[in-house]
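Undergrad: What follows is my_file.pdb, made up of PDB, C-alpha atoms, pLDDT in the B column:
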ATOM      1  CA  ASP N  28    -165.709  34.408-161.394  1.00 81.00           C
ATOM      2  CA  ASN N  29    -165.886  37.986-160.115  1.00 88.00           C
ATOM      3  CA  ARG N  30    -163.039  39.215-162.294  1.00 89.00           C
ATOM      4  CA  ALA N  31    -164.707  37.962-165.478  1.00 92.00           C
ATOM      5  CA  LEU N  32    -168.014  39.532-164.443  1.00 92.00           C
ATOM      6  CA  GLN N  33    -166.305  42.845-163.696  1.00 92.00           C
ATOM      7  CA  THR N  34    -164.506  42.741-167.043  1.00 93.00           C
ATOM      8  CA  ALA N  35    -167.745  42.035-168.901  1.00 94.00           C
ATOM      9  CA  SER N  36    -169.490  44.868-167.065  1.00 93.00           C
ATOM     10  CA  GLN N  37    -166.692  47.285-167.892  1.00 94.00           C
ATOM     11  CA  LEU N  38    -166.695  46.219-171.552  1.00 96.00           C
ATOM     12  CA  THR N  39    -170.444  46.795-171.758  1.00 95.00           C
ATOM     13  CA  GLU N  40    -170.077  50.240-170.199  1.00 95.00           C
ATOM     14  CA  ALA N  41    -167.282  51.182-172.605  1.00 96.00           C
ATOM     15  CA  PHE N  42    -169.163  49.929-175.677  1.00 96.00           C
ATOM     16  CA  ILE N  43    -172.280  51.915-174.785  1.00 96.00           C
ATOM     17  CA  ALA N  44    -170.333  55.083-173.917  1.00 96.00           C
ATOM     18  CA  LEU N  45    -168.183  54.899-177.043  1.00 96.00           C
ATOM     19  CA  GLY N  46    -171.121  53.993-179.272  1.00 95.00           C
ATOM     20  CA  LEU N  47    -172.972  57.107-178.190  1.00 96.00           C
ATOM     21  CA  GLY N  48    -169.891  59.328-177.941  1.00 96.00           C
ATOM     22  CA  THR N  49    -168.439  58.532-181.352  1.00 96.00           C
ATOM     23  CA  GLN N  50    -171.843  58.947-183.021  1.00 95.00           C
ATOM     24  CA  VAL N  51    -172.165  62.440-181.541  1.00 96.00           C
ATOM     25  CA  ILE N  52    -168.688  63.381-182.802  1.00 96.00           C
ATOM     26  CA  LYS N  53    -169.472  61.898-186.224  1.00 95.00           C
ATOM     27  CA  TYR N  54    -172.639  64.009-186.385  1.00 95.00           C
ATOM     28  CA  VAL N  55    -170.781  67.149-185.288  1.00 96.00           C
ATOM     29  CA  THR N  56    -167.935  66.703-187.800  1.00 95.00           C
ATOM     30  CA  GLY N  57    -169.751  65.040-190.721  1.00 93.00           C
ATOM     31  CA  ARG N  58    -166.717  63.707-192.590  1.00 94.00           C
ATOM     32  CA  GLU N  59    -167.134  61.618-195.733  1.00 94.00           C
ATOM     33  CA  ASN N  60    -165.784  58.096-195.973  1.00 93.00           C
ATOM     34  CA  PRO N  61    -162.990  57.605-198.527  1.00 94.00           C
ATOM     35  CA  SER N  62    -165.237  55.328-200.579  1.00 90.00           C
ATOM     36  CA  ASP N  63    -167.720  58.194-201.157  1.00 88.00           C
ATOM     37  CA  ALA N  64    -165.346  61.174-201.156  1.00 90.00           C
ATOM     38  CA  THR N  65    -166.388  64.073-203.368  1.00 91.00           C
ATOM     39  CA  VAL N  66    -163.165  66.018-202.721  1.00 92.00           C
ATOM     40  CA  ARG N  67    -159.604  64.983-201.910  1.00 91.00           C
ATOM     41  CA  GLY N  68    -159.390  64.165-198.211  1.00 89.00           C
ATOM     42  CA  GLY N  69    -163.172  63.939-197.864  1.00 90.00           C
ATOM     43  CA  ARG N  70    -165.673  66.723-197.387  1.00 94.00           C
ATOM     44  CA  TRP N  71    -166.568  67.826-193.876  1.00 94.00           C
ATOM     45  CA  ARG N  72    -170.260  68.665-193.366  1.00 93.00           C
ATOM     46  CA  PRO N  73    -170.749  69.630-189.715  1.00 95.00           C
ATOM     47  CA  PHE N  74    -174.207  69.187-188.198  1.00 95.00           C
ATOM     48  CA  PRO N  75    -176.033  67.711-191.204  1.00 93.00           C
ATOM     49  CA  LYS N  76    -179.781  67.317-191.150  1.00 93.00           C
ATOM     50  CA  TRP N  77    -180.616  64.381-188.902  1.00 92.00           C
ATOM     51  CA  SER N  78    -182.446  62.536-191.692  1.00 92.00           C
ATOM     52  CA  ALA N  79    -179.467  62.930-194.055  1.00 92.00           C
ATOM     53  CA  PHE N  80    -177.104  61.671-191.350  1.00 92.00           C
ATOM     54  CA  GLN N  81    -179.277  58.616-190.696  1.00 91.00           C
ATOM     55  CA  ASN N  82    -180.082  57.799-194.333  1.00 92.00           C
ATOM     56  CA  ASN N  83    -176.641  58.251-195.907  1.00 91.00           C
ATOM     57  CA  LYS N  84    -174.064  57.341-193.262  1.00 88.00           C
ATOM     58  CA  THR N  85    -171.067  57.123-195.613  1.00 88.00           C
ATOM     59  CA  LYS N  86    -171.366  60.844-196.331  1.00 90.00           C
ATOM     60  CA  TYR N  87    -170.974  61.796-192.662  1.00 92.00           C
ATOM     61  CA  ASP N  88    -169.481  59.118-190.420  1.00 89.00           C
ATOM     62  CA  ALA N  89    -165.750  58.652-191.048  1.00 92.00           C
ATOM     63  CA  PHE N  90    -164.361  60.725-188.174  1.00 95.00           C
ATOM     64  CA  PRO N  91    -163.444  59.405-185.646  1.00 95.00           C
ATOM     65  CA  SER N  92    -163.111  55.649-186.047  1.00 95.00           C
ATOM     66  CA  GLY N  93    -165.638  54.049-183.740  1.00 95.00           C
ATOM     67  CA  HIS N  94    -164.320  50.653-184.833  1.00 93.00           C
ATOM     68  CA  LEU N  95    -160.868  51.433-183.490  1.00 97.00           C
ATOM     69  CA  ALA N  96    -162.160  53.178-180.359  1.00 97.00           C
ATOM     70  CA  THR N  97    -164.248  50.160-179.384  1.00 97.00           C
ATOM     71  CA  PHE N  98    -161.497  47.645-180.081  1.00 98.00           C
ATOM     72  CA  VAL N  99    -158.827  49.631-178.220  1.00 98.00           C
ATOM     73  CA  SER N 100    -161.122  50.086-175.207  1.00 98.00           C
ATOM     74  CA  ALA N 101    -161.661  46.312-175.106  1.00 98.00           C
ATOM     75  CA  ILE N 102    -157.923  45.593-175.230  1.00 98.00           C
ATOM     76  CA  THR N 103    -157.238  48.221-172.568  1.00 97.00           C
ATOM     77  CA  ILE N 104    -159.918  46.900-170.207  1.00 96.00           C
ATOM     78  CA  ILE N 105    -158.990  43.238-170.660  1.00 96.00           C
ATOM     79  CA  SER N 106    -155.255  43.876-170.239  1.00 96.00           C
ATOM     80  CA  HIS N 107    -155.904  45.944-167.109  1.00 94.00           C
ATOM     81  CA  ASN N 108    -158.103  43.260-165.544  1.00 93.00           C
ATOM     82  CA  TYR N 109    -155.697  40.429-166.425  1.00 94.00           C
ATOM     83  CA  PRO N 110    -152.255  41.974-165.750  1.00 93.00           C
ATOM     84  CA  GLU N 111    -150.626  38.564-165.405  1.00 94.00           C
ATOM     85  CA  LYS N 112    -151.345  37.962-169.127  1.00 94.00           C
ATOM     86  CA  ARG N 113    -148.665  40.349-170.358  1.00 95.00           C
ATOM     87  CA  TRP N 114    -149.185  39.444-174.025  1.00 97.00           C
ATOM     88  CA  ILE N 115    -152.746  40.829-174.254  1.00 96.00           C
ATOM     89  CA  GLY N 116    -151.746  44.493-174.666  1.00 96.00           C
ATOM     90  CA  PRO N 117    -148.948  44.115-177.246  1.00 97.00           C
ATOM     91  CA  LEU N 118    -150.873  41.584-179.310  1.00 98.00           C
ATOM     92  CA  GLY N 119    -154.151  43.498-179.092  1.00 97.00           C
ATOM     93  CA  TYR N 120    -152.666  46.875-180.014  1.00 97.00           C
ATOM     94  CA  SER N 121    -150.776  45.244-182.913  1.00 97.00           C
ATOM     95  CA  ILE N 122    -154.028  43.776-184.200  1.00 97.00           C
ATOM     96  CA  ALA N 123    -155.630  47.221-183.838  1.00 97.00           C
ATOM     97  CA  GLY N 124    -152.905  48.657-186.066  1.00 97.00           C
ATOM     98  CA  LEU N 125    -153.438  45.956-188.683  1.00 97.00           C
ATOM     99  CA  CYS N 126    -157.212  46.485-188.587  1.00 96.00           C
ATOM    100  CA  SER N 127    -156.642  50.212-189.103  1.00 96.00           C
ATOM    101  CA  LEU N 128    -154.572  49.501-192.215  1.00 97.00           C
ATOM    102  CA  ALA N 129    -157.326  47.199-193.478  1.00 96.00           C
ATOM    103  CA  MET N 130    -159.973  49.898-192.959  1.00 95.00           C
ATOM    104  CA  ILE N 131    -157.840  52.384-194.925  1.00 95.00           C
ATOM    105  CA  ASN N 132    -157.401  49.815-197.692  1.00 95.00           C
ATOM    106  CA  ASN N 133    -161.141  49.079-197.797  1.00 93.00           C
ATOM    107  CA  GLY N 134    -162.117  52.755-198.009  1.00 91.00           C
ATOM    108  CA  VAL N 135    -163.891  52.808-194.655  1.00 91.00           C
ATOM    109  CA  HIS N 136    -161.624  55.356-192.937  1.00 94.00           C
ATOM    110  CA  TRP N 137    -158.931  57.924-193.587  1.00 94.00           C
ATOM    111  CA  ALA N 138    -155.633  57.552-191.704  1.00 95.00           C
ATOM    112  CA  SER N 139    -156.449  60.792-189.864  1.00 94.00           C
ATOM    113  CA  ASP N 140    -159.603  59.200-188.388  1.00 95.00           C
ATOM    114  CA  PHE N 141    -157.545  56.898-186.172  1.00 96.00           C
ATOM    115  CA  PRO N 142    -155.646  59.080-183.672  1.00 96.00           C
ATOM    116  CA  LEU N 143    -158.838  60.355-182.028  1.00 96.00           C
ATOM    117  CA  GLY N 144    -160.421  56.893-182.214  1.00 96.00           C
ATOM    118  CA  PHE N 145    -157.399  55.386-180.471  1.00 97.00           C
ATOM    119  CA  ALA N 146    -157.304  58.133-177.848  1.00 97.00           C
ATOM    120  CA  LEU N 147    -161.015  57.769-177.087  1.00 97.00           C
ATOM    121  CA  GLY N 148    -160.760  53.990-176.770  1.00 97.00           C
ATOM    122  CA  TYR N 149    -157.648  54.066-174.627  1.00 97.00           C
ATOM    123  CA  GLY N 150    -158.945  56.898-172.436  1.00 97.00           C
ATOM    124  CA  PHE N 151    -162.357  55.347-171.856  1.00 96.00           C
ATOM    125  CA  GLY N 152    -160.777  51.926-171.261  1.00 96.00           C
ATOM    126  CA  LYS N 153    -158.323  53.255-168.690  1.00 95.00           C
ATOM    127  CA  PHE N 154    -160.915  55.404-166.936  1.00 94.00           C
ATOM    128  CA  ILE N 155    -163.523  52.650-166.698  1.00 94.00           C
ATOM    129  CA  SER N 156    -161.118  49.891-165.671  1.00 91.00           C
ATOM    130  CA  LYS N 157    -159.314  51.979-163.043  1.00 87.00           C
ATOM    131  CA  ARG N 158    -162.498  53.420-161.580  1.00 80.00           C
ATOM    132  CA  SER N 159    -164.010  50.057-160.733  1.00 67.00           C
ATOM    133  CA  HIS N 160    -160.940  47.847-160.407  1.00 58.00           C
ATOM    134  CA  PHE N 161    -160.760  45.472-157.501  1.00 57.00           C
ATOM    135  CA  THR N 162    -157.592  44.068-155.933  1.00 54.00           C
ATOM    136  CA  ILE N 163    -156.694  40.556-157.021  1.00 53.00           C
ATOM    137  CA  ILE N 164    -155.803  38.390-154.047  1.00 48.00           C
ATOM    138  CA  PRO N 165    -153.817  35.293-155.069  1.00 48.00           C
TER     139      PRO N 165
END
Before anything else, please render the file you have as structure tokens.

TA:
Amino acid sequence: DNRALQTASQLTEAFIALGLGTQVIKYVTGRENPSDATVRGGRWRPFPKWSAFQNNKTKYDAFPSGHLATFVSAITIISHNYPEKRWIGPLGYSIAGLCSLAMINNGVHWASDFPLGFALGYGFGKFISKRSHFTIIP
């Protein structure tokens, strides 16, 4: 099935790009997770030493949410490749919202970590799926 293979290829591309991209932004911004916050709203430590960043992730990796970026890119790519399944987008984005609330509740992310995560996921998903989209012939 060519459409399934294309979708899988696009998902792989998005996951690799977002994995690298969000890690760079996390390193540049260095925001604490809520669970380890030393000040209200979390301390920002831009460009920490590489060893500190690698050895104590919760001190530096809250912003942006790579979890949300990856999930939103997957929903965007799948819904774009299967437009006849109109429920994928609304259901997927609703689940993304619920997962975001769960991550806030669990102390993994601040609410302000999500807008950029969502934008990155949606943007990468749209760009990747539109760039290599083929026409479906019934």

Undergrad: Find the spatial neighbours of Ile131 of chain N, counting only C-alpha atoms, within a cut-off of 12 Å - ignore same-chain residues fewer than 2 positions away - and output them as a PyMOL selection string.

TA: chain N and resi 60-62+89+92+95+124-129+133-141

Undergrad: Check the smallest atom-to-atom distance from each of N:Gln37, N:Val66, N:Gly57, N:Ser100 to Ala79 of chain N using only C-alpha atoms, then report the winner.

TA: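 Looking at the shortest contact to Ala79 of chain N, the residue is N:Gly57.
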
Undergrad: At a cut-off of 8 Å, using all atoms listed in the file, what residues contact Leu45 of chain N? Leave out same-chain residues fewer than 6 positions from it and give the result as an NGL selection string.

TA: :N and (93 or 96-97 or 147-148 or 151)

Undergrad: Can you spell out as a VMD selection string the set of residues that the PyMOL selection byres ((chain N and resi 101) around 10) selects in the structure I just provided?

TA: chain N and resid 34 to 35 37 to 39 41 to 42 95 to 100 102 to 107 119 148 to 149 151 to 152

Undergrad: Could you turn the residues from that selection into a file that holds C-alpha atoms, as an mmCIF file, keeping the file's coordinate frame?

TA:
data_model
loop_
_atom_site.group_PDB
_atom_site.id
_atom_site.type_symbol
_atom_site.label_atom_id
_atom_site.label_comp_id
_atom_site.auth_asym_id
_atom_site.auth_seq_id
_atom_site.Cartn_x
_atom_site.Cartn_y
_atom_site.Cartn_z
ATOM 1 C CA THR N 34 -164.506 42.741 -167.043
ATOM 2 C CA ALA N 35 -167.745 42.035 -168.901
ATOM 3 C CA GLN N 37 -166.692 47.285 -167.892
ATOM 4 C CA LEU N 38 -166.695 46.219 -171.552
ATOM 5 C CA THR N 39 -170.444 46.795 -171.758
ATOM 6 C CA ALA N 41 -167.282 51.182 -172.605
ATOM 7 C CA PHE N 42 -169.163 49.929 -175.677
ATOM 8 C CA LEU N 95 -160.868 51.433 -183.490
ATOM 9 C CA ALA N 96 -162.160 53.178 -180.359
ATOM 10 C CA THR N 97 -164.248 50.160 -179.384
ATOM 11 C CA PHE N 98 -161.497 47.645 -180.081
ATOM 12 C CA VAL N 99 -158.827 49.631 -178.220
ATOM 13 C CA SER N 100 -161.122 50.086 -175.207
ATOM 14 C CA ILE N 102 -157.923 45.593 -175.230
ATOM 15 C CA THR N 103 -157.238 48.221 -172.568
ATOM 16 C CA ILE N 104 -159.918 46.900 -170.207
ATOM 17 C CA ILE N 105 -158.990 43.238 -170.660
ATOM 18 C CA SER N 106 -155.255 43.876 -170.239
ATOM 19 C CA HIS N 107 -155.904 45.944 -167.109
ATOM 20 C CA GLY N 119 -154.151 43.498 -179.092
ATOM 21 C CA GLY N 148 -160.760 53.990 -176.770
ATOM 22 C CA TYR N 149 -157.648 54.066 -174.627
ATOM 23 C CA PHE N 151 -162.357 55.347 -171.856
ATOM 24 C CA GLY N 152 -160.777 51.926 -171.261
#

Undergrad: Select, from N:Asp88, N:Ser78, N:Gly48, N:Gly150, the residue with the minimum atom-to-atom distance to Ala64 of chain N, counting all atoms listed in the file.

TA: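 Of the candidates, the smallest distance to Ala64 of chain N is held by N:Asp88.
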
Undergrad: So how far away is atom CA of Lys53 of chain N from atom CA of Pro142 of chain N, in Å?

TA: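 So the answer is 14.3 Å.
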
Undergrad: Got a sec to resolve the PyMOL selection byres ((chain N and resi 54) around 10) on this structure and send the residues as JSON, numbers by chain?

TA: {"N": [49, 50, 51, 52, 53, 55, 56, 57, 58, 72, 73, 74, 75, 76, 77, 80, 81, 84, 87, 88, 89, 90]}

Undergrad: What gap, in Å, lies between atom CA of Ala146 of chain N and atom CA of Pro117 of chain N?

TA: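 Taking atom CA of Ala146 of chain N and atom CA of Pro117 of chain N, their separation equals 16.3 Å.
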
Undergrad: Find the distance between atom CA of Ala44 of chain N and atom CA of Tyr120 of chain N and write it in Å to one decimal.

TA: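 Here the two named atoms are 20.4 Å from each other.
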
Undergrad: Could you give me the axis-aligned bounding box of segment 155-159 of chain N, with 6 Å of padding per side, as centre plus edge lengths in Å to one decimal, as lines of an AutoDock Vina configuration file?

TA:
center_x = -161.7
center_y = 51.7
center_z = -163.7
size_x = 16.7
size_y = 15.5
size_z = 18.0

Undergrad: Can you complete the atoms of segment 59-87 of chain N to N, CA and C atoms and list them as an mmCIF file, in the frame of the given file?

TA:
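Below is the file rebuild-v5.cif, written as the result:
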data_model
loop_
_atom_site.group_PDB
_atom_site.id
_atom_site.type_symbol
_atom_site.label_atom_id
_atom_site.label_comp_id
_atom_site.auth_asym_id
_atom_site.auth_seq_id
_atom_site.Cartn_x
_atom_site.Cartn_y
_atom_site.Cartn_z
ATOM 1 N N GLU N 59 -166.862 62.684 -194.766
ATOM 2 C CA GLU N 59 -167.134 61.618 -195.733
ATOM 3 C C GLU N 59 -166.162 60.458 -195.576
ATOM 4 N N ASN N 60 -166.650 59.263 -195.884
ATOM 5 C CA ASN N 60 -165.784 58.096 -195.973
ATOM 6 C C ASN N 60 -164.968 58.186 -197.257
ATOM 7 N N PRO N 61 -163.796 57.586 -197.298
ATOM 8 C CA PRO N 61 -162.990 57.605 -198.527
ATOM 9 C C PRO N 61 -163.722 56.990 -199.725
ATOM 10 N N SER N 62 -164.534 55.993 -199.471
ATOM 11 C CA SER N 62 -165.237 55.328 -200.579
ATOM 12 C C SER N 62 -166.243 56.246 -201.270
ATOM 13 N N ASP N 63 -166.731 57.271 -200.594
ATOM 14 C CA ASP N 63 -167.720 58.194 -201.157
ATOM 15 C C ASP N 63 -167.210 59.628 -201.256
ATOM 16 N N ALA N 64 -165.911 59.823 -201.190
ATOM 17 C CA ALA N 64 -165.346 61.174 -201.156
ATOM 18 C C ALA N 64 -165.663 61.948 -202.425
ATOM 19 N N THR N 65 -166.110 63.184 -202.238
ATOM 20 C CA THR N 65 -166.388 64.073 -203.368
ATOM 21 C C THR N 65 -165.248 65.056 -203.586
ATOM 22 N N VAL N 66 -164.370 65.201 -202.596
ATOM 23 C CA VAL N 66 -163.165 66.018 -202.721
ATOM 24 C C VAL N 66 -162.006 65.248 -202.095
ATOM 25 N N ARG N 67 -160.786 65.636 -202.467
ATOM 26 C CA ARG N 67 -159.604 64.983 -201.910
ATOM 27 C C ARG N 67 -159.572 65.177 -200.391
ATOM 28 N N GLY N 68 -159.416 64.091 -199.669
ATOM 29 C CA GLY N 68 -159.390 64.165 -198.211
ATOM 30 C C GLY N 68 -160.768 64.083 -197.575
ATOM 31 N N GLY N 69 -161.811 64.061 -198.393
ATOM 32 C CA GLY N 69 -163.172 63.939 -197.864
ATOM 33 C C GLY N 69 -163.749 65.264 -197.423
ATOM 34 N N ARG N 70 -164.979 65.486 -197.771
ATOM 35 C CA ARG N 70 -165.673 66.723 -197.387
ATOM 36 C C ARG N 70 -166.151 66.616 -195.943
ATOM 37 N N TRP N 71 -166.077 67.735 -195.249
ATOM 38 C CA TRP N 71 -166.568 67.826 -193.876
ATOM 39 C C TRP N 71 -167.883 68.606 -193.928
ATOM 40 N N ARG N 72 -168.943 68.015 -193.398
ATOM 41 C CA ARG N 72 -170.260 68.665 -193.366
ATOM 42 C C ARG N 72 -170.771 68.659 -191.926
ATOM 43 N N PRO N 73 -170.332 69.621 -191.126
ATOM 44 C CA PRO N 73 -170.749 69.630 -189.715
ATOM 45 C C PRO N 73 -172.256 69.790 -189.559
ATOM 46 N N PHE N 74 -172.793 69.114 -188.578
ATOM 47 C CA PHE N 74 -174.207 69.187 -188.198
ATOM 48 C C PHE N 74 -175.151 69.038 -189.393
ATOM 49 N N PRO N 75 -175.095 67.904 -190.097
ATOM 50 C CA PRO N 75 -176.033 67.711 -191.204
ATOM 51 C C PRO N 75 -177.455 67.544 -190.676
ATOM 52 N N LYS N 76 -178.412 67.619 -191.565
ATOM 53 C CA LYS N 76 -179.781 67.317 -191.150
ATOM 54 C C LYS N 76 -179.797 65.894 -190.606
ATOM 55 N N TRP N 77 -180.588 65.689 -189.558
ATOM 56 C CA TRP N 77 -180.616 64.381 -188.902
ATOM 57 C C TRP N 77 -181.026 63.282 -189.877
ATOM 58 N N SER N 78 -181.992 63.553 -190.731
ATOM 59 C CA SER N 78 -182.446 62.536 -191.692
ATOM 60 C C SER N 78 -181.345 62.199 -192.689
ATOM 61 N N ALA N 79 -180.579 63.194 -193.131
ATOM 62 C CA ALA N 79 -179.467 62.930 -194.055
ATOM 63 C C ALA N 79 -178.399 62.091 -193.373
ATOM 64 N N PHE N 80 -178.105 62.416 -192.119
ATOM 65 C CA PHE N 80 -177.104 61.671 -191.350
ATOM 66 C C PHE N 80 -177.525 60.211 -191.185
ATOM 67 N N GLN N 81 -178.778 59.973 -190.902
ATOM 68 C CA GLN N 81 -179.277 58.616 -190.696
ATOM 69 C C GLN N 81 -179.412 57.827 -192.005
ATOM 70 N N ASN N 82 -179.782 58.493 -193.077
ATOM 71 C CA ASN N 82 -180.082 57.799 -194.333
ATOM 72 C C ASN N 82 -178.885 57.631 -195.263
ATOM 73 N N ASN N 83 -177.807 58.359 -195.037
ATOM 74 C CA ASN N 83 -176.641 58.251 -195.907
ATOM 75 C C ASN N 83 -175.371 58.344 -195.059
ATOM 76 N N LYS N 84 -175.155 57.335 -194.244
ATOM 77 C CA LYS N 84 -174.064 57.341 -193.262
ATOM 78 C C LYS N 84 -172.692 57.577 -193.880
ATOM 79 N N THR N 85 -172.411 57.008 -195.051
ATOM 80 C CA THR N 85 -171.067 57.123 -195.613
ATOM 81 C C THR N 85 -170.691 58.551 -195.977
ATOM 82 N N LYS N 86 -171.654 59.434 -196.052
ATOM 83 C CA LYS N 86 -171.366 60.844 -196.331
ATOM 84 C C LYS N 86 -170.949 61.608 -195.074
ATOM 85 N N TYR N 87 -171.157 61.020 -193.895
ATOM 86 C CA TYR N 87 -170.974 61.796 -192.662
ATOM 87 C C TYR N 87 -170.253 61.081 -191.520
#
